[in-house]
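Listing of target.txt; format and content: compact mmCIF, C-alpha atoms and all ligand atoms.
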# COMPACT_ATOMS: atom_id res chain seq x y z
CA MET A 1 144.13 5.32 127.66
CA VAL A 2 144.61 2.02 125.82
CA PRO A 3 143.39 -0.96 127.87
CA ASN A 4 146.08 -3.55 128.73
CA LYS A 5 144.39 -6.30 126.69
CA LEU A 6 144.38 -4.05 123.65
CA LYS A 7 148.06 -3.21 124.20
CA ILE A 8 148.85 -6.92 123.79
CA LEU A 9 146.40 -7.55 120.91
CA LEU A 10 147.41 -4.60 118.74
CA PRO A 11 151.04 -5.71 118.15
CA LEU A 12 149.80 -9.27 117.54
CA TRP A 13 147.32 -8.00 114.95
CA ALA A 14 150.10 -5.97 113.31
CA VAL A 15 152.29 -9.09 113.05
CA VAL A 16 149.43 -11.14 111.53
CA MET A 17 148.73 -8.38 108.99
CA ALA A 18 152.43 -8.13 108.11
CA ILE A 19 152.68 -11.90 107.56
CA THR A 20 149.54 -11.80 105.38
CA ALA A 21 150.98 -8.95 103.33
CA VAL A 22 154.30 -10.75 102.85
CA LYS A 23 152.46 -13.92 101.83
CA ALA A 24 150.36 -11.98 99.30
CA THR A 25 153.39 -10.38 97.65
CA ALA A 26 155.99 -13.10 98.20
CA ASP A 27 155.50 -14.40 94.66
CA TYR A 28 157.32 -11.48 93.12
CA VAL A 29 159.41 -8.51 94.12
CA ARG A 30 158.45 -5.15 92.72
CA PRO A 31 160.99 -2.40 92.15
CA PRO A 32 160.04 1.00 93.55
CA ALA A 33 156.91 2.49 92.07
CA ARG A 34 156.75 6.19 91.41
CA LYS A 35 154.70 8.37 93.71
CA THR A 36 151.11 9.29 93.00
CA LEU A 37 151.05 12.67 91.30
CA HIS A 38 150.13 15.72 93.32
CA PHE A 39 147.11 17.58 91.99
CA PRO A 40 146.98 21.09 93.44
CA TRP A 41 143.59 22.52 94.36
CA ASP A 42 142.44 24.32 91.26
CA PRO A 43 138.85 25.52 91.66
CA LYS A 44 137.00 26.21 88.42
CA PRO A 45 133.71 28.04 87.77
CA SER A 46 130.85 25.64 88.52
CA SER A 47 129.81 25.37 84.86
CA HIS A 48 133.37 24.84 83.58
CA PRO A 49 133.61 21.54 81.65
CA GLN A 50 136.14 19.26 83.32
CA GLN A 51 137.55 15.77 82.70
CA VAL A 52 136.58 15.79 79.01
CA HIS A 53 137.03 12.52 77.18
CA ILE A 54 135.62 11.01 73.99
CA SER A 55 134.74 7.51 72.84
CA LEU A 56 133.41 5.92 69.65
CA ALA A 57 129.62 5.61 69.72
CA GLY A 58 128.41 3.65 66.72
CA GLU A 59 129.15 4.29 63.08
CA ASN A 60 130.47 7.82 62.45
CA HIS A 61 129.50 9.05 65.91
CA MET A 62 131.46 10.13 68.97
CA ARG A 63 130.37 10.34 72.60
CA VAL A 64 131.73 13.38 74.44
CA THR A 65 131.80 13.07 78.22
CA TRP A 66 132.57 15.81 80.74
CA ILE A 67 131.75 16.88 84.28
CA THR A 68 130.50 20.16 85.73
CA SER A 69 129.86 21.16 89.31
CA ASP A 70 126.75 22.97 88.14
CA ALA A 71 123.78 20.64 87.57
CA SER A 72 122.00 23.15 85.34
CA SER A 73 124.85 23.42 82.82
CA PRO A 74 123.55 22.21 79.42
CA SER A 75 124.74 18.89 77.90
CA LEU A 76 125.52 20.73 74.70
CA VAL A 77 128.46 20.07 72.37
CA GLU A 78 129.09 22.57 69.58
CA TYR A 79 131.50 21.49 66.87
CA GLY A 80 132.87 22.16 63.42
CA THR A 81 135.90 21.60 61.24
CA SER A 82 137.35 25.12 61.65
CA PRO A 83 138.49 26.66 64.93
CA GLY A 84 135.79 28.82 66.54
CA GLN A 85 133.20 27.99 63.88
CA TYR A 86 130.69 25.57 65.29
CA THR A 87 128.40 24.57 62.46
CA SER A 88 126.80 21.64 64.27
CA LYS A 89 125.67 20.79 67.74
CA GLY A 90 124.46 17.85 69.76
CA HIS A 91 122.50 17.53 73.00
CA GLY A 92 122.91 14.70 75.46
CA ASP A 93 121.92 13.69 78.94
CA THR A 94 123.40 13.63 82.42
CA THR A 95 123.98 11.30 85.29
CA SER A 96 125.58 11.52 88.72
CA TYR A 97 126.20 9.26 91.68
CA SER A 98 126.87 9.35 95.40
CA TYR A 99 129.40 7.25 97.17
CA ILE A 100 129.23 7.38 100.97
CA LEU A 101 130.11 11.04 101.71
CA TYR A 102 131.12 11.84 98.13
CA SER A 103 128.76 13.30 95.54
CA SER A 104 129.95 13.39 91.96
CA GLY A 105 129.57 16.42 89.75
CA THR A 106 127.06 16.32 86.93
CA ILE A 107 128.37 13.87 84.32
CA HIS A 108 127.36 14.81 80.78
CA HIS A 109 127.25 12.30 77.91
CA THR A 110 126.54 13.73 74.47
CA VAL A 111 126.75 11.78 71.21
CA ILE A 112 127.60 13.87 68.15
CA GLY A 113 127.61 13.05 64.45
CA PRO A 114 127.51 11.86 61.78
CA LEU A 115 131.17 12.82 61.47
CA GLU A 116 133.56 12.60 58.54
CA HIS A 117 136.40 10.10 58.77
CA ASN A 118 139.98 11.14 59.42
CA THR A 119 138.94 14.72 60.12
CA VAL A 120 139.88 17.18 62.86
CA TYR A 121 136.86 18.64 64.68
CA TYR A 122 136.99 21.64 67.00
CA TYR A 123 134.48 21.60 69.83
CA ARG A 124 133.45 22.99 73.13
CA CYS A 125 131.23 21.61 75.86
CA GLY A 126 128.32 23.20 77.71
CA GLY A 127 128.25 26.32 75.56
CA GLN A 128 131.44 27.65 77.10
CA GLY A 129 134.87 26.64 78.25
CA PRO A 130 138.03 26.15 76.23
CA GLU A 131 137.96 24.97 72.64
CA LEU A 132 139.20 21.40 72.28
CA HIS A 133 139.78 19.30 69.20
CA PHE A 134 139.81 15.66 68.22
CA LYS A 135 140.55 13.64 65.13
CA THR A 136 138.17 10.96 63.92
CA PRO A 137 139.62 7.58 62.87
CA PRO A 138 140.11 6.77 59.19
CA ALA A 139 137.52 4.82 57.19
CA GLN A 140 140.15 2.41 55.87
CA PHE A 141 143.60 1.09 56.68
CA PRO A 142 146.07 2.10 57.87
CA VAL A 143 144.75 2.60 61.39
CA THR A 144 146.86 2.79 64.56
CA PHE A 145 145.89 1.85 68.10
CA ALA A 146 147.80 2.97 71.19
CA VAL A 147 147.53 0.33 73.91
CA ALA A 148 148.28 0.66 77.63
CA GLY A 149 146.49 -0.80 80.63
CA ASP A 150 146.78 -0.40 84.40
CA LEU A 151 147.44 3.32 84.12
CA GLY A 152 146.88 4.85 87.53
CA GLN A 153 148.14 8.38 88.12
CA THR A 154 151.79 8.25 89.12
CA GLY A 155 155.01 9.66 87.75
CA TRP A 156 155.23 6.56 85.54
CA THR A 157 151.70 7.16 84.24
CA LYS A 158 152.75 10.65 83.19
CA SER A 159 155.80 9.22 81.42
CA THR A 160 153.66 6.68 79.53
CA LEU A 161 151.06 9.29 78.55
CA ASP A 162 153.78 11.66 77.32
CA HIS A 163 155.11 8.89 75.07
CA ILE A 164 151.66 8.00 73.74
CA ASP A 165 151.11 11.68 73.01
CA LEU A 166 154.14 11.65 70.71
CA CYS A 167 152.77 8.72 68.74
CA GLU A 168 150.49 9.18 65.75
CA TYR A 169 147.52 7.07 66.64
CA ASP A 170 143.78 6.97 66.05
CA VAL A 171 142.25 5.18 69.04
CA HIS A 172 143.48 4.34 72.55
CA LEU A 173 142.69 0.83 73.82
CA LEU A 174 142.77 0.35 77.60
CA PRO A 175 142.37 -3.21 78.93
CA GLY A 176 141.30 -2.25 82.47
CA ASP A 177 142.48 -0.56 85.67
CA LEU A 178 142.13 3.12 84.94
CA SER A 179 142.36 5.47 87.90
CA TYR A 180 143.32 3.24 90.85
CA ALA A 181 140.80 5.33 92.79
CA ASP A 182 140.25 2.31 95.02
CA TYR A 183 137.14 3.69 96.73
CA ILE A 184 138.52 7.25 97.06
CA GLN A 185 136.23 8.94 94.59
CA ARG A 186 138.20 12.16 94.34
CA ARG A 187 140.89 10.13 92.56
CA TRP A 188 138.47 9.47 89.71
CA ASP A 189 138.30 13.24 89.27
CA THR A 190 142.07 13.74 89.30
CA PHE A 191 142.48 10.86 86.85
CA GLY A 192 139.93 12.52 84.56
CA GLU A 193 141.95 15.73 84.65
CA LEU A 194 145.24 13.90 84.10
CA VAL A 195 144.09 12.09 80.95
CA GLN A 196 141.97 14.90 79.44
CA PRO A 197 144.70 16.24 77.10
CA LEU A 198 144.88 12.83 75.39
CA ALA A 199 141.39 11.47 75.98
CA SER A 200 139.68 14.61 74.63
CA ALA A 201 141.73 14.39 71.42
CA ARG A 202 141.41 10.68 70.52
CA PRO A 203 138.71 8.16 71.45
CA TRP A 204 139.55 6.10 74.52
CA MET A 205 137.95 2.67 74.47
CA VAL A 206 138.21 1.02 77.87
CA THR A 207 137.14 -2.07 79.71
CA GLN A 208 137.05 -2.71 83.41
CA GLY A 209 139.72 -4.10 85.74
CA ASN A 210 139.64 -5.08 89.38
CA HIS A 211 140.44 -1.52 90.46
CA GLU A 212 137.16 -0.36 88.93
CA LYS A 213 135.26 -2.68 91.24
CA GLU A 214 134.40 -0.58 94.29
CA ASN A 215 131.49 -2.46 95.73
CA ILE A 216 130.25 -2.26 99.28
CA PRO A 217 128.03 -5.31 99.84
CA PHE A 218 124.31 -4.47 100.06
CA PHE A 219 124.97 -0.75 99.53
CA ILE A 220 126.94 0.07 96.41
CA ASP A 221 127.17 -1.70 93.06
CA GLY A 222 130.72 -2.60 92.11
CA PHE A 223 131.10 -0.49 89.01
CA GLU A 224 128.93 2.51 89.78
CA SER A 225 131.67 5.14 89.43
CA TYR A 226 133.22 3.50 86.37
CA ASN A 227 129.89 3.05 84.58
CA ALA A 228 128.79 6.61 85.31
CA ARG A 229 132.05 8.18 84.14
CA TRP A 230 133.27 5.90 81.35
CA LYS A 231 130.19 5.08 79.33
CA MET A 232 131.11 2.92 76.36
CA PRO A 233 129.01 2.03 73.26
CA TYR A 234 127.35 -1.04 74.75
CA GLU A 235 123.84 -0.08 73.65
CA GLU A 236 125.16 0.61 70.16
CA SER A 237 126.62 -2.92 70.05
CA GLY A 238 123.56 -4.75 71.36
CA SER A 239 124.98 -5.40 74.82
CA SER A 240 122.98 -5.14 78.03
CA SER A 241 125.94 -3.90 80.07
CA ASN A 242 128.64 -1.24 79.94
CA LEU A 243 131.02 -3.99 81.09
CA PHE A 244 131.14 -5.71 77.67
CA TYR A 245 130.63 -4.32 74.18
CA SER A 246 132.20 -4.12 70.73
CA PHE A 247 132.96 -1.52 68.10
CA GLU A 248 134.31 -1.34 64.59
CA VAL A 249 136.92 1.02 63.24
CA ALA A 250 138.63 1.04 59.85
CA GLY A 251 138.49 -2.66 59.09
CA ALA A 252 138.88 -3.92 62.66
CA HIS A 253 136.16 -5.43 64.85
CA VAL A 254 137.13 -4.99 68.50
CA VAL A 255 135.48 -6.95 71.30
CA MET A 256 135.80 -5.53 74.83
CA LEU A 257 135.07 -8.16 77.49
CA GLY A 258 134.64 -8.08 81.25
CA SER A 259 136.85 -10.22 83.47
CA TYR A 260 134.76 -9.19 86.48
CA THR A 261 131.25 -9.82 85.27
CA TYR A 262 129.58 -13.16 84.67
CA TYR A 263 131.02 -15.09 81.74
CA ASP A 264 129.64 -18.62 82.20
CA GLU A 265 127.73 -20.30 79.40
CA ASN A 266 124.37 -19.03 80.69
CA SER A 267 125.55 -15.48 81.22
CA ASP A 268 124.47 -12.41 79.30
CA GLN A 269 128.09 -11.75 78.42
CA TYR A 270 128.67 -15.20 76.95
CA ASN A 271 125.48 -15.09 74.89
CA TRP A 272 126.16 -11.55 73.73
CA LEU A 273 129.73 -12.50 72.72
CA LYS A 274 128.51 -15.49 70.74
CA ALA A 275 125.95 -13.33 68.93
CA ASP A 276 128.42 -10.48 68.36
CA LEU A 277 131.09 -12.75 66.89
CA SER A 278 128.53 -14.30 64.55
CA THR A 279 127.93 -10.87 63.00
CA VAL A 280 131.59 -10.27 62.14
CA ASP A 281 132.11 -9.98 58.41
CA ARG A 282 135.80 -10.59 57.71
CA LYS A 283 135.48 -8.98 54.31
CA LYS A 284 134.43 -5.74 56.00
CA THR A 285 136.61 -6.15 59.09
CA PRO A 286 139.53 -8.46 58.24
CA TRP A 287 141.01 -7.89 61.71
CA LEU A 288 139.40 -9.18 64.88
CA LEU A 289 140.75 -8.01 68.26
CA ALA A 290 139.66 -8.77 71.82
CA LEU A 291 140.49 -7.05 75.10
CA PHE A 292 139.90 -7.96 78.73
CA HIS A 293 141.74 -7.40 81.97
CA VAL A 294 143.00 -10.71 83.36
CA PRO A 295 145.42 -12.45 80.96
CA TRP A 296 144.91 -16.06 79.88
CA TYR A 297 148.51 -16.56 78.76
CA ASN A 298 150.80 -15.25 81.46
CA SER A 299 154.18 -16.65 82.48
CA ASN A 300 154.66 -14.10 85.27
CA HIS A 301 154.24 -15.31 88.84
CA ALA A 302 151.89 -12.38 89.44
CA HIS A 303 148.19 -13.25 89.11
CA GLN A 304 149.13 -16.70 87.87
CA GLY A 305 146.09 -18.74 86.85
CA GLU A 306 143.55 -16.02 87.65
CA GLY A 307 142.25 -16.01 84.07
CA ASP A 308 141.92 -19.79 83.77
CA GLU A 309 138.20 -20.00 84.48
CA MET A 310 137.24 -17.34 81.93
CA MET A 311 139.65 -18.86 79.43
CA GLN A 312 138.09 -22.29 79.77
CA VAL A 313 134.66 -20.89 78.96
CA MET A 314 135.43 -18.25 76.36
CA GLU A 315 138.61 -19.30 74.58
CA PRO A 316 136.76 -21.72 72.25
CA LEU A 317 134.50 -18.87 71.12
CA LEU A 318 137.42 -16.58 70.30
CA TYR A 319 139.28 -19.42 68.58
CA ALA A 320 136.32 -20.43 66.43
CA ALA A 321 135.80 -16.80 65.42
CA GLY A 322 139.45 -16.43 64.44
CA VAL A 323 140.47 -13.61 66.78
CA ASP A 324 143.86 -12.24 65.71
CA ILE A 325 145.13 -10.49 68.82
CA VAL A 326 144.06 -10.47 72.47
CA PHE A 327 145.19 -7.63 74.75
CA ALA A 328 145.06 -8.00 78.54
CA GLY A 329 146.38 -6.07 81.52
CA HIS A 330 146.41 -6.82 85.27
CA VAL A 331 149.98 -8.16 85.37
CA HIS A 332 152.24 -5.13 85.65
CA ALA A 333 154.64 -6.14 82.93
CA TYR A 334 154.74 -6.88 79.22
CA GLU A 335 154.51 -10.24 77.49
CA ARG A 336 153.81 -11.34 73.91
CA SER A 337 152.91 -14.87 72.88
CA LYS A 338 152.93 -16.82 69.65
CA ARG A 339 149.51 -17.65 68.22
CA VAL A 340 148.11 -19.95 70.90
CA TYR A 341 145.14 -22.06 71.86
CA ASN A 342 144.39 -24.48 74.66
CA GLY A 343 147.67 -23.75 76.45
CA LYS A 344 150.02 -24.27 73.53
CA SER A 345 151.12 -22.82 70.19
CA ASP A 346 148.47 -23.07 67.51
CA PRO A 347 148.64 -21.24 64.18
CA CYS A 348 144.87 -20.73 64.29
CA GLY A 349 144.76 -19.11 67.71
CA PRO A 350 145.26 -15.43 68.61
CA VAL A 351 148.48 -13.72 69.64
CA HIS A 352 148.10 -12.78 73.31
CA ILE A 353 149.69 -9.58 74.59
CA THR A 354 149.76 -8.62 78.26
CA ILE A 355 150.26 -4.91 78.61
CA GLY A 356 149.39 -3.95 82.18
CA ASP A 357 152.39 -1.68 82.37
CA GLY A 358 150.90 1.81 82.08
CA GLY A 359 152.35 3.18 85.32
CA ASN A 360 150.23 2.21 88.30
CA LYS A 361 151.18 2.88 91.92
CA GLU A 362 151.81 -0.78 92.78
CA GLY A 363 155.01 -1.13 90.78
CA LEU A 364 156.15 -3.88 88.43
CA ALA A 365 155.75 -7.66 88.46
CA ASN A 366 159.23 -8.91 87.73
CA ARG A 367 159.30 -12.57 88.63
CA TYR A 368 158.73 -14.98 85.78
CA LYS A 369 158.31 -18.72 85.49
CA ASP A 370 161.53 -20.42 84.56
CA PRO A 371 161.93 -21.87 81.98
CA SER A 372 159.76 -19.70 79.81
CA PRO A 373 156.79 -21.58 78.27
CA GLU A 374 157.19 -22.51 74.60
CA TRP A 375 154.40 -20.09 73.62
CA SER A 376 156.03 -17.02 75.22
CA VAL A 377 158.03 -14.92 72.75
CA PHE A 378 159.01 -11.82 74.72
CA ARG A 379 158.51 -10.80 78.34
CA GLU A 380 159.80 -7.92 80.39
CA ALA A 381 158.76 -6.11 83.56
CA SER A 382 158.99 -2.46 82.56
CA PHE A 383 156.47 0.33 82.28
CA GLY A 384 155.57 1.38 78.74
CA HIS A 385 152.94 1.31 76.02
CA GLY A 386 152.21 -0.48 72.75
CA GLU A 387 151.31 0.63 69.25
CA LEU A 388 149.44 -1.53 66.76
CA LYS A 389 149.52 -0.20 63.23
CA ILE A 390 147.20 -2.22 61.01
CA VAL A 391 148.70 -1.49 57.63
CA ASN A 392 146.25 -3.37 55.41
CA SER A 393 143.85 -6.30 55.48
CA THR A 394 146.67 -8.80 55.95
CA HIS A 395 149.55 -7.14 57.83
CA ALA A 396 149.90 -5.26 61.10
CA PHE A 397 153.03 -3.97 62.85
CA TRP A 398 153.12 -4.27 66.62
CA SER A 399 155.69 -2.47 68.76
CA TRP A 400 156.15 -2.18 72.50
CA HIS A 401 157.88 0.89 73.89
CA ARG A 402 159.57 0.73 77.28
CA ASN A 403 159.79 3.86 79.46
CA ASP A 404 163.55 3.72 79.76
CA ASP A 405 164.48 6.45 82.27
CA ASP A 406 161.60 8.44 80.80
CA GLU A 407 162.77 7.84 77.23
CA SER A 408 160.46 5.81 75.01
CA VAL A 409 162.53 2.93 73.66
CA ARG A 410 161.08 0.46 71.16
CA SER A 411 161.94 -2.83 72.80
CA ASP A 412 159.80 -5.44 71.08
CA GLU A 413 158.33 -5.50 67.62
CA ALA A 414 156.65 -7.99 65.34
CA TRP A 415 154.73 -8.19 62.10
CA ILE A 416 151.46 -9.98 62.62
CA THR A 417 149.48 -11.40 59.72
CA SER A 418 145.72 -11.57 59.99
CA PHE A 419 143.78 -14.77 60.60
CA THR A 420 142.36 -14.46 57.12
CA THR A 421 145.82 -15.22 55.69
CA THR A 422 146.63 -18.21 57.88
CA GLY A 423 144.56 -20.82 56.04
CA CYS A 424 142.56 -21.38 59.22
CA VAL A 425 139.37 -20.13 57.59
CA ALA A 426 139.37 -23.18 55.33
CA LYS A 427 140.20 -25.38 58.33
CA GLU A 428 137.36 -23.86 60.26
CA GLN A 429 134.87 -24.51 57.50
CA LYS A 430 136.17 -28.03 56.97
CA GLU A 431 135.72 -28.84 60.63
CA GLY A 432 132.27 -27.23 60.66
CA ARG A 433 133.12 -24.85 63.49
FE FE B 501 144.27 -5.37 87.77
Any chance you could give the structure as structure tokens?
Amino acid sequence: MVPNKLKILLPLWAVVMAITAVKATADYVRPPARKTLHFPWDPKPSSHPQQVHISLAGENHMRVTWITSDASSPSLVEYGTSPGQYTSKGHGDTTSYSYILYSSGTIHHTVIGPLEHNTVYYYRCGGQGPELHFKTPPAQFPVTFAVAGDLGQTGWTKSTLDHIDLCEYDVHLLPGDLSYADYIQRRWDTFGELVQPLASARPWMVTQGNHEKENIPFFIDGFESYNARWKMPYEESGSSSNLFYSFEVAGAHVVMLGSYTYYDENSDQYNWLKADLSTVDRKKTPWLLALFHVPWYNSNHAHQGEGDEMMQVMEPLLYAAGVDIVFAGHVHAYERSKRVYNGKSDPCGPVHITIGDGGNKEGLANRYKDPSPEWSVFREASFGHGELKIVNSTHAFWSWHRNDDDESVRSDEAWITSFTTTGCVAKEQKEGR
């Protein structure tokens, strides 16, 4: 029996919630999203390695991550350059976490190497399981990055991943919002299974988005699941947190920042970034890239202004260091800017690319500011992915590929020249920056 008072209050509450929801989404109208994929129950032996993915872990090393149900399964990776012939091995360590009623499997992290560049390695995890293989990135240009953020695990995600799989690339860059688990921990597991075919074959370098933040005040730290499952080379890059780090690959220094951890001038992240940028040697790494989740240059109505605070604090650092390209996600659409700084075109600033269009369950953000700002070159609300081919120390080719009825269609492209060619280095030195 529902008490009379409750009978009156419930509809009222429903109306208030509906108005709130309309208000929150009134800024833009999203076309239908595709449904979350169905993952049939597929029990595996308890020691079977699941959700395998790899990430760069310092010079010539790779971190292999996988999960087993069995806690006693060894954190062993056997590997070699011929199928079935494992001439080397590496041992790692494990972690696990609990989240309310959920207990994760045993999460294994094993760093292997030194590895040869541009070489296919065959490997298996835990002394058993299927043989997998990955290719290490090249030592020199050309090097190609696949870029897609806000992935999720929907029909659109599958479409995007299929297109990335067809591309010849060396490293995947993901500017936040991975699984859209949103507190339901089992979804982290299904996401791990969904991406394994790609993420076990090429390093996936990720940073956090708002959907990784699953905190319960006083009980659970916001990034516990993300940090346990997607360990990145923060220790290798002198960072105190998995939420911000850097790595170098084939002439590119890549800085991965956290939009959802402290970034003020007294923060660990700010001080680490300053120190990290000061170590960049443009002769060794002529290209300097940065990734974070919330865009600073965004002419979409969605998430408008959310990155302003971080931009105010950190943009001068990136500008002074001569960052070439910034990738962000969060806004479920694609946008490319001119080189910009301080809100307007500037030949010495980075090109900003928003690429939060991987395929998430929330759909697209398709309402833009009109007229378009002078710094915005191309913008479109479609799912898709990007490819950045750094050809040499001065030139890179960027292309964005829309998922057009499941076909990958190259819809935007641009040659980008590196900061080192713009004459801004001389300007920088002249101004004493
Ligand atoms: Fe987001």
If you take all atoms listed in the file and a cut-off of 10 Å, which residues of chain A touch ligand FE 501 (chain B), and what are their nearest atom pairs and distances in Å to one decimal, in chain and number order, as CSV?
residue,atom,partner,partner_atom,distance
A:Gly149,CA,B:FE501,FE,8.8
A:Asp150,CA,B:FE501,FE,6.5
A:Leu151,CA,B:FE501,FE,9.9
A:Pro175,CA,B:FE501,FE,9.3
A:Gly176,CA,B:FE501,FE,6.8
A:Asp177,CA,B:FE501,FE,5.5
A:Leu178,CA,B:FE501,FE,9.2
A:Tyr180,CA,B:FE501,FE,9.2
A:Gln208,CA,B:FE501,FE,8.8
A:Gly209,CA,B:FE501,FE,5.1
A:Asn210,CA,B:FE501,FE,4.9
A:His211,CA,B:FE501,FE,6.1
A:Glu212,CA,B:FE501,FE,8.8
A:Ser259,CA,B:FE501,FE,9.9
A:His293,CA,B:FE501,FE,6.6
A:Val294,CA,B:FE501,FE,7.0
A:Pro295,CA,B:FE501,FE,9.9
A:His303,CA,B:FE501,FE,8.9
A:Ala328,CA,B:FE501,FE,9.6
A:Gly329,CA,B:FE501,FE,6.6
A:His330,CA,B:FE501,FE,3.6
A:Val331,CA,B:FE501,FE,6.8
A:His332,CA,B:FE501,FE,8.3
A:Gly356,CA,B:FE501,FE,7.7
A:Asn360,CA,B:FE501,FE,9.7
>> Residues within 12 Å of Gly58 (chain A), please, as a list in words. Count all atoms listed in the file; anything in the same chain fewer than 5 positions from it doesn't count.
In response: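 Near Gly58 (chain A), the qualifying residues are Arg63, Val111, Ile112, Gly113, Pro114, Leu115, Met232, Pro233, Tyr234, Glu235, Glu236, Ser237, Gly238, Tyr245, Ser246, Phe247, Glu248 and Val249 of chain A.
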> Contacts of region 362-378 of chain A at 6 Å or less, counting only C-alpha atoms, minus same-chain residues fewer than 4 places along, as a list in words?
Replying inline: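 In the requested format, the answer is Tyr28, Arg30, Ala33, Ser299, Asn300, His301, His332, Ala333, Glu335, Arg336, Ser337, Lys338 and Ser345 of chain A.
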Keeping C-alpha atoms for every residue in the selection just given, could you write it to a file as a PDB file, in the coordinates of the input?
ATOM      1  CA  TYR A  28     157.320 -11.480  93.120  1.00  0.00           C
ATOM      2  CA  ARG A  30     158.450  -5.150  92.720  1.00  0.00           C
ATOM      3  CA  ALA A  33     156.910   2.490  92.070  1.00  0.00           C
ATOM      4  CA  SER A 299     154.180 -16.650  82.480  1.00  0.00           C
ATOM      5  CA  ASN A 300     154.660 -14.100  85.270  1.00  0.00           C
ATOM      6  CA  HIS A 301     154.240 -15.310  88.840  1.00  0.00           C
ATOM      7  CA  HIS A 332     152.240  -5.130  85.650  1.00  0.00           C
ATOM      8  CA  ALA A 333     154.640  -6.140  82.930  1.00  0.00           C
ATOM      9  CA  GLU A 335     154.510 -10.240  77.490  1.00  0.00           C
ATOM     10  CA  ARG A 336     153.810 -11.340  73.910  1.00  0.00           C
ATOM     11  CA  SER A 337     152.910 -14.870  72.880  1.00  0.00           C
ATOM     12  CA  LYS A 338     152.930 -16.820  69.650  1.00  0.00           C
ATOM     13  CA  SER A 345     151.120 -22.820  70.190  1.00  0.00           C
TER      14      SER A 345
END
>> Just want the 12 Å neighbourhood of Thr36 (chain A), counted on all atoms listed in the file, with same-chain residues fewer than 4 positions away dropped. Output as a PyMOL selection string.
In response: chain A and resi 151-158+179-181+187+190-191+194+359-363
> What is the CA of His163 (chain A) to CA of Arg186 (chain A) distance in Å?
Replying inline: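 Computing the Euclidean distance for CA of His163 (chain A) and CA of Arg186 (chain A) yields 25.8 Å.
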>> Quick check, in Å to one decimal: how far apart do CA of Ser240 (chain A) and CA of Leu174 (chain A) lie?
In response: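 These two atoms are separated by 20.5 Å.
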> Hey, can you check how far CA of Thr144 (chain A) sits from CA of Asp276 (chain A)?
Replying inline: 23.0 Å
> Using only C-alpha atoms, which of the listed residues (A:Phe134, A:Tyr97, A:Phe219, A:Trp398) sits closest to Ser82 (chain A)?
Replying inline: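 Result for the nearest residue to Ser82 (chain A): A:Phe134.
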>> When you count all atoms listed in the file, which of these residues is closest to Ala290 (chain A): A:Ser382, A:Thr354, A:Ser239, A:Thr420?
In response: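 Result for the nearest residue to Ala290 (chain A): A:Thr354.
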